>>> print(open('coords-v8.pdb').read())   # PDB, C-alpha atoms
ATOM      1  CA  MET A   1      18.908  12.247  15.686
ATOM      2  CA  GLY A   2      17.869  13.589  12.314
ATOM      3  CA  SER A   3      14.597  13.340  10.501
ATOM      4  CA  PRO A   4      13.632   9.972   8.986
ATOM      5  CA  PHE A   5      13.316  11.871   5.711
ATOM      6  CA  ASP A   6      17.087  12.444   5.755
ATOM      7  CA  ARG A   7      17.629   8.778   4.868
ATOM      8  CA  LEU A   8      15.233   8.687   1.939
ATOM      9  CA  ASN A   9      16.324   9.100  -1.636
ATOM     10  CA  VAL A  10      13.034  10.863  -2.360
ATOM     11  CA  ASP A  11      11.966  14.483  -2.118
ATOM     12  CA  ARG A  12      10.558  15.260   1.368
ATOM     13  CA  GLN A  13       7.386  16.860  -0.001
ATOM     14  CA  LEU A  14       6.713  13.891  -2.296
ATOM     15  CA  ALA A  15       7.293  11.434   0.570
ATOM     16  CA  SER A  16       4.985  13.425   2.874
ATOM     17  CA  GLU A  17       2.224  13.530   0.264
ATOM     18  CA  PHE A  18       2.575   9.782  -0.340
ATOM     19  CA  LEU A  19       2.403   8.955   3.380
ATOM     20  CA  ALA A  20      -0.630  11.187   3.928
ATOM     21  CA  THR A  21      -2.440   9.749   0.888
ATOM     22  CA  PHE A  22      -1.578   6.177   1.883
ATOM     23  CA  ALA A  23      -2.836   6.727   5.438
ATOM     24  CA  ARG A  24      -6.139   8.178   4.197
ATOM     25  CA  TYR A  25      -6.576   5.339   1.701
ATOM     26  CA  GLU A  26      -5.895   2.724   4.357
ATOM     27  CA  PHE A  27      -8.401   4.383   6.709
ATOM     28  CA  ALA A  28     -10.990   4.506   3.918
ATOM     29  CA  LEU A  29     -10.499   0.803   3.195
ATOM     30  CA  LYS A  30     -11.006  -0.103   6.832
ATOM     31  CA  THR A  31     -14.143   2.008   7.202
ATOM     32  CA  ALA A  32     -15.546   0.604   3.939
ATOM     33  CA  GLY A  33     -15.401  -2.914   5.375
ATOM     34  CA  PHE A  34     -12.022  -4.001   4.048
ATOM     35  CA  ALA A  35     -10.652  -4.628   7.525
ATOM     36  CA  ASP A  36      -9.275  -7.672   9.286
ATOM     37  CA  GLY A  37      -8.652  -7.912  12.997
ATOM     38  CA  ASP A  38     -10.358  -7.690  16.335
ATOM     39  CA  LYS A  39     -10.699  -5.304  19.295
ATOM     40  CA  ASN A  40      -6.920  -5.368  19.779
ATOM     41  CA  LYS A  41      -5.749  -4.691  16.230
ATOM     42  CA  VAL A  42      -7.095  -3.852  12.792
ATOM     43  CA  ASP A  43      -5.359  -4.128   9.424
ATOM     44  CA  ALA A  44      -6.523  -3.044   6.008
ATOM     45  CA  ALA A  45      -7.561  -6.077   3.916
ATOM     46  CA  TRP A  46      -5.496  -5.080   0.881
ATOM     47  CA  ASP A  47      -5.629  -8.505  -0.824
ATOM     48  CA  ARG A  48      -9.424  -8.761  -0.463
ATOM     49  CA  TYR A  49      -9.793  -5.223  -1.795
ATOM     50  CA  ALA A  50      -7.533  -6.025  -4.774
ATOM     51  CA  ARG A  51      -9.666  -9.060  -5.658
ATOM     52  CA  THR A  52     -12.815  -6.930  -5.426
ATOM     53  CA  ILE A  53     -11.590  -4.300  -7.894
ATOM     54  CA  ASP A  54      -9.663  -6.664 -10.188
ATOM     55  CA  THR A  55     -12.186  -6.698 -13.050
ATOM     56  CA  ALA A  56     -12.789  -2.921 -13.053
ATOM     57  CA  PHE A  57      -9.052  -2.259 -12.764
ATOM     58  CA  ALA A  58      -8.278  -4.539 -15.712
ATOM     59  CA  GLN A  59     -10.752  -2.593 -17.881
ATOM     60  CA  GLN A  60      -8.906   0.714 -17.414
ATOM     61  CA  ASN A  61      -7.292   1.984 -20.597
ATOM     62  CA  SER A  62      -4.463   4.293 -19.590
ATOM     63  CA  ALA A  63      -0.876   4.200 -20.808
ATOM     64  CA  GLU A  64       0.331   5.722 -17.539
ATOM     65  CA  LEU A  65      -1.555   3.106 -15.487
ATOM     66  CA  ALA A  66      -0.189   0.329 -17.699
ATOM     67  CA  VAL A  67       3.392   1.489 -17.087
ATOM     68  CA  ALA A  68       2.827   1.761 -13.326
ATOM     69  CA  SER A  69       1.121  -1.648 -13.189
ATOM     70  CA  LYS A  70       3.925  -3.293 -15.140
ATOM     71  CA  TYR A  71       6.496  -1.792 -12.788
ATOM     72  CA  LEU A  72       4.656  -3.007  -9.670
ATOM     73  CA  ILE A  73       4.204  -6.496 -11.104
ATOM     74  CA  GLU A  74       7.868  -6.757 -12.056
ATOM     75  CA  GLN A  75       9.153  -5.153  -8.842
ATOM     76  CA  PRO A  76       6.508  -5.721  -6.158
ATOM     77  CA  PRO A  77       6.877  -3.971  -2.826
ATOM     78  CA  LYS A  78       8.424  -6.086  -0.118
ATOM     79  CA  LYS A  79       6.147  -7.312   2.634
ATOM     80  CA  GLN A  80       7.300  -7.896   6.194
ATOM     81  CA  VAL A  81       6.546 -11.353   7.557
ATOM     82  CA  LEU A  82       7.426 -13.305  10.677
ATOM     83  CA  VAL A  83       9.566 -16.399  10.130
ATOM     84  CA  ASN A  84      10.301 -18.320  13.323
ATOM     85  CA  GLY A  85       9.667 -15.164  15.350
ATOM     86  CA  THR A  86      12.014 -13.016  13.247
ATOM     87  CA  VAL A  87      10.867 -10.158  11.032
ATOM     88  CA  GLU A  88      11.967 -10.676   7.435
TER      89      GLU A  88
END
>>> encode(input="coords-v8.pdb", output="structure tokens")
Amino acid sequence: MGSPFDRLNVDRQLASEFLATFARYEFALKTAGFADGDKNKVDAAWDRYARTIDTAFAQQNSAELAVASKYLIEQPPKKQVLVNGTVE
């Protein structure tokens, strides 16, 4: 069995840096109080965090951020959900 990176259409180094940064960010959110769960499981409260920073984020004046924001709004990441016990 090959590396999971073999199936990505992204540079390995870029993917590794993204995953490491994402993991640190998620940990930081949880430790800063943006966590949902209990003693069995904890998830980062991404939606609550987004609402908290919405005003400050909207005030940013960066062409690069505007392009990235537009892209994410037009092509949001997919989110896994359970529908009748099946992951979709």
>>> atom_distance(input="coords-v8.pdb", atom1="atom CA of Gln60 of chain A", atom2="atom CA of Asp43 of chain A")
27.5 Å
>>> atom_distance(input="coords-v8.pdb", atom1="atom CA of Phe18 of chain A", atom2="atom CA of Asp6 of chain A")
16.0 Å
>>> residues_around(input="coords-v8.pdb", residues="Glu26 of chain A", least_positions_apart="6", cutoff="9 Å", atoms="all atoms listed in the file", output="VMD selection string")
chain A and resid 43 to 46
>>> atom_distance(input="coords-v8.pdb", atom1="atom CA of Ser69 of chain A", atom2="atom CA of Phe57 of chain A")
10.2 Å
>>> residues_around(input="coords-v8.pdb", residues="Tyr49 of chain A", least_positions_apart="5", cutoff="12 Å", atoms="all atoms listed in the file", output="list in words")
Tyr25, Glu26, Ala28, Leu29, Lys30, Ala32, Gly33, Phe34, Ala35, Asp36, Ala44, Asp54, Thr55, Ala56 and Phe57 of chain A
